Amino acid sequence: MSQSFSHRTLRRRGLLALGGGALAAVAGVQLAPRFGRGLSLGADSAEAAASPTNLKLVGTDGWIYLPGSVGSVQPDTLAPKPRTTYIFGFRDVTALDVGTTQAQKNRAQASAPLIYVDEMTDVRLSLTNLGLAQRPDLVDSHTIHFHGFRNAIPLFDGVPEMSIAVPIGREFTYYYKPRDPGTYMYHCHFEDVEHIQMGMTGVIFVRPRQNQGATGIPVARSAGGPASSPLGYVYNDGVAPGQARSTAYDREFVIFLTEVWADAHWRDAHIQVSDWSDYAPDYWLMNGRVYPDTIEPNYDPMVTPTATPAGDSPAERLQFQPISSLVKANAQERVLLRFVNLGYRQAAMTLPGLPMRVVGKDATLLRGRDGTDNSYLTNTVYVGPGESTDAIFTAQNTGTYRLYNRDYAYLSNAGASGLGGQLTEIRISAANSLPLQTVPQT
Amino acid sequence: MPSKTLARLASAVAPVGAAAVLLLGGSGVPVRAQTAATSGMVCTTNASNTFTMTAQPGYVAMPDGNTVYMWSFAAGNQAFQLPGPTLCVNQGATVTIVLNNTLTEDVSLVFPGQESVTANGAPAQPQFDTAGNVTSLAPVAPKTNGSMTYSFVASSPGTYLYLSGSDPTKQVQMGLYGSLVVRPTQGFDFAYNRADSRFNPANEYLMLFSEVDPILHHAVELGQAYDINTYQPRYWLINGRSFPDTISDNNSPWLPSQPYGALVHIHPTTVSNPLPALVRYLNVGAYNHPFHPHGNHGRIIGRDGRALESSSHEDLSYEKFLVLLGSGQTTDALYTWTDVDAFSPTTNPIPVPQPQQQNLTYKDNATWYSGSPYLGFKGDLPVGVTSYNECGEYYHVWHSHALNEAANWDAGFGGMFTLERVDPPTPNTCP
């Protein structure tokens with residue numbers, strides 16, 4: 001990695017991320033994926049207002065790896081080995097120079113970079129359209145739709161028919177003042193049925209002001225609080241950690257669900273057109289991968305692995321599917337799962353053996369207008385297309401648990417026997433055995 | 001991929017008006033009011049809460065240029081319409097529905113959520129053949145001009161479906177369904193008997209979701225076999241229409257069989273406009289539909305004709321940016337849009353640079369954008385771009401997020417999809 005970090009990104013989150021990286025090098029812990037950076041300043045509002053979050057994404061095409069075969073369309077004969085499947089997608093180029101940014105054409109990732117920002121901290125999100133290397137004839141524009149953002153104005157809502165879209169070679173900066181904490185998603189809205197299915201989808205979440213502490217509520221670790229604090233709070237719940245209505249958590253993971261209809265991906269690579277009313281997915285993905293790849297570590301799309309012999313290692317296959325779904329925690333820790341579905345089918349995500357408390361849906365604390373607690377315990381989170389759900393479980397007995405889509409038809413990779421698809425592992429180790437989590441998804 | 005040119009881009013949208021009401025004469029035959037509002041729920045009412053409906057065949061138009069053969073319920077002796085008339089009654093009313101059946105097979109009516117329904121004065125029970133097999137979920141109006149009279153007391157306020165209980169696998173797909181709204185005793189501007197369910201009666205909307213497999217409809221039209229196992233919807237409708245027809249006015253002359261629009265047309269929440277809009281969602285289709293209103297969350301206050309409250313009336317409502325409706329379910333949601341950033345070209349400009357128009361795409365050279373980011377302002381658009389914007393209003397898309405349903409068969413930007421229009425606060429220059 002030769003790109004330079006900005007001064008500001010080094011201040012707080014950057015330091016945390018780098019610290020985690022250094023720790024990883026020492027302890028053999030996985031590297032954080034290249035999520036959005038320079039976030040979660042943990043500052044007071046005055047500083048936050050003066051220090052907006054600036055992020056830069058590019059939209060382009062690329063190739064990912066999915067196991068198994070679907071007729072003559074998967075693996076795609078045009079795919080550069082070991083990858084198999086054509087996608088459209090985003091990349092985070094915030095810290096990259098112009099030349100390196102341009103070089104990310106045809107290197108899209110699935111799913112899109114995980115972005116997290118702080119409530120009331122201005123966000124400037126720039127989108128550059130690099131074009132489609134595999135389809136130079138196709139001059140599609142791109143947009144970013146911040147799905148669920150309250151009181152949006154059309155210019156920043158990313159619907160091309162309601163305002164503007166970004167053509168190839170151009171840049172547009174979206175602006176948001178995130179007033180409402182919770183779990184959201186973002187995606188391209190240009191010819192949405194195609195661009196979303198092709199992979200221009202990711203997760204964005206907003207951390208609450210409560211992370212900066214309040215009376216009886218300690219400053220969260222993600223905002224610079226002490227090691228005794230929770231990593232964060234999901235919402236401004238107003239109650240101390242340990243109380244029943246608290247949304248405090250010690251670790252957080254995104255469970256992002258999408259689908260791949262292999263025929264449509266092949267057709268986009270081969271200059272063919274899909275009839276989307278025939279939609280029939282072959283793969284059900286979790287954070288851009290299918291099991292067993294879901295439990296492989298996080299990777300960095302900027303780092304091309306040098307496997308010996310070169311060929312077919314997970315690191316090579318999954319370079320552009322950088323986000324792991326492996327959940328690791330210590331006994332007694334509170335673990336937040338942020339479920340998001342941007343497939344076109346409902347998902348019933350079940351976790352036998354670990355009751356989850358659903359504390360929020362669609363970036364809203366489950367609490368009535370009169371303060372009634374509407375949270376509930378469940379073993380299954382039913383999340384529809386375009387929905388998000390925040391669920392917290394407390395790690396109990398050590399061991400390995402499995403989180404999967406209870407629709408067993410979605411646990412197959414292109415019809416092959418055995419477990420695949422939307423399944424991952426939750427590994428609970430002895431209390432205090434893992435270091436404190438500082439970066440989501442690690 | 002470049003999208004196909006939409007066959008019909010309805011653009012003109014008239015000012016906000018009160019929910020339209022269809023009046024019924026003393027005979028119980030509905031008479032369409034002369035001054036129906038262009039958007040908003042169209043109620044069919046009757047002073048004695050007696051409604052005559054006629055099951056009959058007809059055709060509906062799809063935006064890609066197709067027409068589809070349907071069966072549905074007409075109001076009295078009026079023309080064929082899809083869906084059936086939206087019946088609005090007050091809580092406690094004894095509702096009587098006379099079903100006349102002109103179709104060539106038996107038809108009946110069921111009223112999910114209603115209790116103690118009678119048919120020709122007797123309890124409405126499932127019908128059986130001599131072998132004990134269910135032939136209908138309710139007593140039928142026999143084929144070819146038979147009749148049946150159903151009655152019930154509308155005891156609980158809320159949003160309900162009515163639909164055929166005879167061969168529903170076929171008849172409901174064919175279009176034999178409609179909506180029933182029961183208004184609470186608390187008042188016509190409340191969704192339920194709760195003070196926090198109050199809404200602006202000028203902003204009451206219906207979103208009735210359904211799917212259409214035109215191949216099956218064609219088979220019925222030709223008298224061929226109907227095999228639900230081949231079911232493959234190609235059209236996804238709101239109130240019997242597919243986008244962009246969904247945003248056309250109520251009773252648009254070019255949609256004679258599809259009288260109900262689905263445009264949501266509101267003003268920003270201000271001190272002088274404090275009340276939310278109410279949207280009544282219903283899903284009469286065979287599939288779940290995840291519906292995503294852009295612009296703002298909705299507060300879900302009711303489900304299946306019951307307020308979301310505990311037994312001691314604690315508030316169990318919640319805000320959602322996606323409404324997931326199962327088959328046969330209904331949901332009531334309150335919507336607002338507030339100009340929280342209050343961007344202004346002079347005193348509070350948007351904090352990021354606006355690129356030159358030439359550096360942006362206006363998709364298909366047509367846009368609902370005003371050319372200005374600011375509410376109530378219009379700006380320049382490139383030569384050749386058609387704008388549907390009238391007065392600097394904002395538009396947000398509301399659509400199924402099963403995006404294969406946001407299509408008219410193979411053409412995107414259609415289907416189960418409509419718009420929310422937010423006008424500048426009044427007084428404004430909007431027509």
# chains A, B, ... in the order shown; residues from 1 in each chain; ligands from 1
$ interface_residues --of "chain B" --to "chain A" --cutoff "6 Å" --atoms "only C-alpha atoms" --output "list of chain:residue names"
B:Arg234, B:Gly295, B:Asn296, B:Asp315, B:Leu316, B:Ser317, B:Lys320, B:Phe321, B:Leu322, B:Trp337, B:Thr338, B:Leu360, B:Thr361, B:Tyr362, B:Lys363, B:Thr367, B:Trp368, B:Tyr369, B:Pro373, B:His401, B:Ala402, B:Leu403, B:Asn404, B:Trp409, B:Asp410
$ select_by_dssp --residues "segment 138-347 of chain B" --states "helix (DSSP H, G or I)" --output "list of chain:residue names"
B:Pro168, B:Thr169, B:Lys170, B:Gln171, B:Val172, B:Gln173, B:Met174, B:Ala195, B:Asp196, B:Ser197, B:Pro214, B:Ile215, B:Leu216, B:His217, B:His218, B:Ala219, B:Val220, B:Glu221, B:Ile228, B:Asn229, B:Thr230, B:Asp245, B:Thr246, B:Ile247
$ closest_residue --among "A:Thr389, A:Ser375, A:Ser222, A:Ser229" --to "Arg245 of chain A" --atoms "only C-alpha atoms"
A:Ser375
$ residues_around --residues "segment 412-426 of chain B" --least-positions-apart "2" --cutoff "6 Å" --atoms "only C-alpha atoms" --output "PyMOL selection string"
chain B and resi 236-238+242-243+246+263-267+375-376+393-400+405-408+428
$ select_by_dssp --residues "segment 94-268 of chain B" --states "strand (DSSP E or B)" --output "PyMOL selection string"
chain B and resi 94-101+107-108+110+118-119+122-123+127-128+134-136+140-141+146-153+158-163+177-183+190+198+204-212+235-238+241+243+264-266
$ residues_around --residues "Phe128 of chain B" --least-positions-apart "2" --cutoff "12 Å" --atoms "only C-alpha atoms" --output "list in words"
Gln125, Pro126, Thr130, Ala131, Gly132, Asn133, Val134, Thr135, Ser136, Leu137, Ala138, Pro139, Val140 and Ser166 of chain B
$ residues_around --residues "segment 315-325 of chain A" --least-positions-apart "2" --cutoff "9 Å" --atoms "only C-alpha atoms" --output "count of residues only"
54
$ atom_distance --atom1 "atom CA of Thr67 of chain B" --atom2 "atom CA of Arg241 of chain B"
11.4 Å
$ residues_around --residues "Asp106 of chain B" --least-positions-apart "2" --cutoff "10 Å" --atoms "only C-alpha atoms" --output "list in words"
Ala55, Asn101, Thr102, Leu103, Thr104, Ser108, Thr135, Ser136, Pro139, Val140, Ala141, Pro142, Lys143, Thr144, Asn145, Gly146, Ser147, Ser164, Gly165, Ser166, Asp167 and Gln171 of chain B
$ decode --residues "segment 77-231 of chain B" --atoms "C-alpha atoms" --output "PDB file, in the first residue's frame"
ATOM      1  CA  ASN B  77     -74.239  -0.834 -13.021  1.00  0.00           C
ATOM      2  CA  GLN B  78     -71.209   1.279 -13.769  1.00  0.00           C
ATOM      3  CA  ALA B  79     -68.367   0.367 -16.055  1.00  0.00           C
ATOM      4  CA  PHE B  80     -65.811  -2.298 -15.332  1.00  0.00           C
ATOM      5  CA  GLN B  81     -63.059  -1.138 -13.011  1.00  0.00           C
ATOM      6  CA  LEU B  82     -59.945  -2.621 -11.395  1.00  0.00           C
ATOM      7  CA  PRO B  83     -59.754  -2.891  -8.446  1.00  0.00           C
ATOM      8  CA  GLY B  84     -63.333  -3.011  -7.179  1.00  0.00           C
ATOM      9  CA  PRO B  85     -64.685   0.156  -5.558  1.00  0.00           C
ATOM     10  CA  THR B  86     -63.065   1.323  -2.315  1.00  0.00           C
ATOM     11  CA  LEU B  87     -65.888   1.070   0.192  1.00  0.00           C
ATOM     12  CA  CYS B  88     -65.719   3.547   3.078  1.00  0.00           C
ATOM     13  CA  VAL B  89     -67.958   3.143   6.112  1.00  0.00           C
ATOM     14  CA  ASN B  90     -68.021   4.311   9.688  1.00  0.00           C
ATOM     15  CA  GLN B  91     -67.331   2.111  12.676  1.00  0.00           C
ATOM     16  CA  GLY B  92     -70.495   0.441  13.881  1.00  0.00           C
ATOM     17  CA  ALA B  93     -72.256   0.624  10.534  1.00  0.00           C
ATOM     18  CA  THR B  94     -74.236  -2.361   9.301  1.00  0.00           C
ATOM     19  CA  VAL B  95     -72.770  -2.877   5.850  1.00  0.00           C
ATOM     20  CA  THR B  96     -74.761  -4.600   3.129  1.00  0.00           C
ATOM     21  CA  ILE B  97     -73.191  -5.690  -0.142  1.00  0.00           C
ATOM     22  CA  VAL B  98     -75.334  -7.002  -2.977  1.00  0.00           C
ATOM     23  CA  LEU B  99     -73.183  -9.046  -5.346  1.00  0.00           C
ATOM     24  CA  ASN B 100     -74.504  -9.544  -8.867  1.00  0.00           C
ATOM     25  CA  ASN B 101     -72.521 -12.021 -10.902  1.00  0.00           C
ATOM     26  CA  THR B 102     -72.383 -11.765 -14.698  1.00  0.00           C
ATOM     27  CA  LEU B 103     -69.431 -14.152 -14.986  1.00  0.00           C
ATOM     28  CA  THR B 104     -69.802 -17.711 -16.213  1.00  0.00           C
ATOM     29  CA  GLU B 105     -68.657 -19.240 -12.938  1.00  0.00           C
ATOM     30  CA  ASP B 106     -69.837 -18.846  -9.362  1.00  0.00           C
ATOM     31  CA  VAL B 107     -68.387 -15.924  -7.412  1.00  0.00           C
ATOM     32  CA  SER B 108     -68.561 -15.121  -3.718  1.00  0.00           C
ATOM     33  CA  LEU B 109     -67.182 -12.528  -1.319  1.00  0.00           C
ATOM     34  CA  VAL B 110     -65.129 -12.931   1.834  1.00  0.00           C
ATOM     35  CA  PHE B 111     -64.290 -10.085   4.179  1.00  0.00           C
ATOM     36  CA  PRO B 112     -61.080 -10.862   6.113  1.00  0.00           C
ATOM     37  CA  GLY B 113     -61.131  -9.135   9.481  1.00  0.00           C
ATOM     38  CA  GLN B 114     -64.928  -8.840   9.692  1.00  0.00           C
ATOM     39  CA  GLU B 115     -66.921 -10.937  12.116  1.00  0.00           C
ATOM     40  CA  SER B 116     -70.324 -12.567  11.930  1.00  0.00           C
ATOM     41  CA  VAL B 117     -70.729 -12.029   8.206  1.00  0.00           C
ATOM     42  CA  THR B 118     -74.079 -13.178   6.851  1.00  0.00           C
ATOM     43  CA  ALA B 119     -75.062 -14.252   3.351  1.00  0.00           C
ATOM     44  CA  ASN B 120     -78.727 -13.835   2.444  1.00  0.00           C
ATOM     45  CA  GLY B 121     -79.359 -13.541   6.176  1.00  0.00           C
ATOM     46  CA  ALA B 122     -77.644 -16.756   7.265  1.00  0.00           C
ATOM     47  CA  PRO B 123     -74.130 -17.093   8.673  1.00  0.00           C
ATOM     48  CA  ALA B 124     -71.646 -17.009   5.776  1.00  0.00           C
ATOM     49  CA  GLN B 125     -70.025 -20.425   5.913  1.00  0.00           C
ATOM     50  CA  PRO B 126     -67.794 -22.355   3.534  1.00  0.00           C
ATOM     51  CA  GLN B 127     -69.675 -24.386   0.930  1.00  0.00           C
ATOM     52  CA  PHE B 128     -69.117 -28.082   0.359  1.00  0.00           C
ATOM     53  CA  ASP B 129     -69.984 -30.555  -2.343  1.00  0.00           C
ATOM     54  CA  THR B 130     -71.642 -33.877  -1.584  1.00  0.00           C
ATOM     55  CA  ALA B 131     -68.230 -35.485  -1.064  1.00  0.00           C
ATOM     56  CA  GLY B 132     -67.365 -32.956   1.641  1.00  0.00           C
ATOM     57  CA  ASN B 133     -64.869 -30.947  -0.399  1.00  0.00           C
ATOM     58  CA  VAL B 134     -64.847 -27.182  -0.002  1.00  0.00           C
ATOM     59  CA  THR B 135     -66.233 -25.558  -3.133  1.00  0.00           C
ATOM     60  CA  SER B 136     -66.274 -21.972  -1.916  1.00  0.00           C
ATOM     61  CA  LEU B 137     -65.186 -20.087   1.211  1.00  0.00           C
ATOM     62  CA  ALA B 138     -68.586 -18.344   1.299  1.00  0.00           C
ATOM     63  CA  PRO B 139     -72.057 -18.745  -0.204  1.00  0.00           C
ATOM     64  CA  VAL B 140     -71.962 -17.799  -3.856  1.00  0.00           C
ATOM     65  CA  ALA B 141     -73.696 -15.536  -6.286  1.00  0.00           C
ATOM     66  CA  PRO B 142     -74.356 -18.205  -8.923  1.00  0.00           C
ATOM     67  CA  LYS B 143     -72.851 -17.859 -12.353  1.00  0.00           C
ATOM     68  CA  THR B 144     -74.616 -16.005 -15.152  1.00  0.00           C
ATOM     69  CA  ASN B 145     -76.592 -13.337 -13.311  1.00  0.00           C
ATOM     70  CA  GLY B 146     -77.015 -14.881  -9.874  1.00  0.00           C
ATOM     71  CA  SER B 147     -76.954 -12.722  -6.726  1.00  0.00           C
ATOM     72  CA  MET B 148     -75.988 -12.960  -3.078  1.00  0.00           C
ATOM     73  CA  THR B 149     -76.308 -10.347  -0.331  1.00  0.00           C
ATOM     74  CA  TYR B 150     -73.626 -10.175   2.346  1.00  0.00           C
ATOM     75  CA  SER B 151     -73.894  -8.180   5.554  1.00  0.00           C
ATOM     76  CA  PHE B 152     -71.815  -7.468   8.627  1.00  0.00           C
ATOM     77  CA  VAL B 153     -71.296  -4.850  11.307  1.00  0.00           C
ATOM     78  CA  ALA B 154     -68.061  -2.920  10.751  1.00  0.00           C
ATOM     79  CA  SER B 155     -66.979  -3.135  14.360  1.00  0.00           C
ATOM     80  CA  SER B 156     -63.257  -2.319  14.164  1.00  0.00           C
ATOM     81  CA  PRO B 157     -61.757   0.683  12.365  1.00  0.00           C
ATOM     82  CA  GLY B 158     -58.977   0.015   9.918  1.00  0.00           C
ATOM     83  CA  THR B 159     -58.047  -1.083   6.415  1.00  0.00           C
ATOM     84  CA  TYR B 160     -59.382  -4.331   4.986  1.00  0.00           C
ATOM     85  CA  LEU B 161     -59.585  -6.337   1.809  1.00  0.00           C
ATOM     86  CA  TYR B 162     -62.621  -7.882   0.258  1.00  0.00           C
ATOM     87  CA  LEU B 163     -62.121 -10.588  -2.332  1.00  0.00           C
ATOM     88  CA  SER B 164     -63.668 -13.589  -3.966  1.00  0.00           C
ATOM     89  CA  GLY B 165     -63.854 -16.752  -1.889  1.00  0.00           C
ATOM     90  CA  SER B 166     -64.652 -18.956  -4.902  1.00  0.00           C
ATOM     91  CA  ASP B 167     -61.734 -20.620  -6.676  1.00  0.00           C
ATOM     92  CA  PRO B 168     -59.614 -17.802  -5.220  1.00  0.00           C
ATOM     93  CA  THR B 169     -56.440 -19.215  -6.753  1.00  0.00           C
ATOM     94  CA  LYS B 170     -57.898 -18.161 -10.066  1.00  0.00           C
ATOM     95  CA  GLN B 171     -60.498 -15.507  -9.300  1.00  0.00           C
ATOM     96  CA  VAL B 172     -58.326 -13.313  -7.082  1.00  0.00           C
ATOM     97  CA  GLN B 173     -55.500 -13.434  -9.625  1.00  0.00           C
ATOM     98  CA  MET B 174     -58.114 -12.446 -12.223  1.00  0.00           C
ATOM     99  CA  GLY B 175     -58.916  -9.294 -10.228  1.00  0.00           C
ATOM    100  CA  LEU B 176     -61.933  -9.998  -8.025  1.00  0.00           C
ATOM    101  CA  TYR B 177     -60.845  -7.855  -5.096  1.00  0.00           C
ATOM    102  CA  GLY B 178     -61.137  -4.402  -3.561  1.00  0.00           C
ATOM    103  CA  SER B 179     -60.599  -2.388  -0.395  1.00  0.00           C
ATOM    104  CA  LEU B 180     -62.781  -1.590   2.603  1.00  0.00           C
ATOM    105  CA  VAL B 181     -62.029   1.301   4.949  1.00  0.00           C
ATOM    106  CA  VAL B 182     -63.716   1.517   8.344  1.00  0.00           C
ATOM    107  CA  ARG B 183     -63.436   4.947   9.937  1.00  0.00           C
ATOM    108  CA  PRO B 184     -63.257   5.155  13.736  1.00  0.00           C
ATOM    109  CA  THR B 185     -65.821   6.767  15.943  1.00  0.00           C
ATOM    110  CA  GLN B 186     -63.109   9.229  16.958  1.00  0.00           C
ATOM    111  CA  GLY B 187     -63.504  10.922  13.585  1.00  0.00           C
ATOM    112  CA  PHE B 188     -62.893  10.784   9.864  1.00  0.00           C
ATOM    113  CA  ASP B 189     -59.430  12.276  10.286  1.00  0.00           C
ATOM    114  CA  PHE B 190     -58.243   9.478  12.579  1.00  0.00           C
ATOM    115  CA  ALA B 191     -57.088   6.044  11.465  1.00  0.00           C
ATOM    116  CA  TYR B 192     -58.020   4.441  14.782  1.00  0.00           C
ATOM    117  CA  ASN B 193     -59.573   5.436  18.083  1.00  0.00           C
ATOM    118  CA  ARG B 194     -56.292   6.919  19.232  1.00  0.00           C
ATOM    119  CA  ALA B 195     -55.396  10.592  19.382  1.00  0.00           C
ATOM    120  CA  ASP B 196     -51.983   9.832  17.869  1.00  0.00           C
ATOM    121  CA  SER B 197     -53.566   8.319  14.741  1.00  0.00           C
ATOM    122  CA  ARG B 198     -54.787  11.697  13.490  1.00  0.00           C
ATOM    123  CA  PHE B 199     -53.927  12.598   9.902  1.00  0.00           C
ATOM    124  CA  ASN B 200     -54.591  15.342   7.386  1.00  0.00           C
ATOM    125  CA  PRO B 201     -57.774  14.233   5.570  1.00  0.00           C
ATOM    126  CA  ALA B 202     -56.553  16.011   2.439  1.00  0.00           C
ATOM    127  CA  ASN B 203     -53.689  13.485   2.356  1.00  0.00           C
ATOM    128  CA  GLU B 204     -55.220  10.033   2.609  1.00  0.00           C
ATOM    129  CA  TYR B 205     -53.871   7.426   0.195  1.00  0.00           C
ATOM    130  CA  LEU B 206     -54.524   3.818  -0.772  1.00  0.00           C
ATOM    131  CA  MET B 207     -51.813   1.427  -2.014  1.00  0.00           C
ATOM    132  CA  LEU B 208     -53.370  -1.894  -3.055  1.00  0.00           C
ATOM    133  CA  PHE B 209     -50.679  -4.280  -4.313  1.00  0.00           C
ATOM    134  CA  SER B 210     -51.302  -7.117  -6.751  1.00  0.00           C
ATOM    135  CA  GLU B 211     -49.521  -9.119  -9.428  1.00  0.00           C
ATOM    136  CA  VAL B 212     -50.563 -10.182 -12.901  1.00  0.00           C
ATOM    137  CA  ASP B 213     -49.437 -13.168 -14.946  1.00  0.00           C
ATOM    138  CA  PRO B 214     -50.768 -12.203 -18.392  1.00  0.00           C
ATOM    139  CA  ILE B 215     -50.311 -15.724 -19.753  1.00  0.00           C
ATOM    140  CA  LEU B 216     -52.787 -17.098 -17.217  1.00  0.00           C
ATOM    141  CA  HIS B 217     -55.205 -14.273 -17.969  1.00  0.00           C
ATOM    142  CA  HIS B 218     -54.952 -15.029 -21.662  1.00  0.00           C
ATOM    143  CA  ALA B 219     -55.726 -18.680 -20.933  1.00  0.00           C
ATOM    144  CA  VAL B 220     -58.876 -17.684 -19.049  1.00  0.00           C
ATOM    145  CA  GLU B 221     -59.907 -15.345 -21.843  1.00  0.00           C
ATOM    146  CA  LEU B 222     -59.605 -18.199 -24.346  1.00  0.00           C
ATOM    147  CA  GLY B 223     -61.275 -20.717 -22.060  1.00  0.00           C
ATOM    148  CA  GLN B 224     -58.078 -22.743 -21.761  1.00  0.00           C
ATOM    149  CA  ALA B 225     -56.650 -24.556 -18.738  1.00  0.00           C
ATOM    150  CA  TYR B 226     -55.545 -22.407 -15.814  1.00  0.00           C
ATOM    151  CA  ASP B 227     -52.436 -23.851 -14.103  1.00  0.00           C
ATOM    152  CA  ILE B 228     -51.338 -21.808 -11.102  1.00  0.00           C
ATOM    153  CA  ASN B 229     -48.151 -23.861 -10.917  1.00  0.00           C
ATOM    154  CA  THR B 230     -46.959 -21.972 -13.982  1.00  0.00           C
ATOM    155  CA  TYR B 231     -47.560 -18.663 -12.186  1.00  0.00           C
TER     156      TYR B 231
END
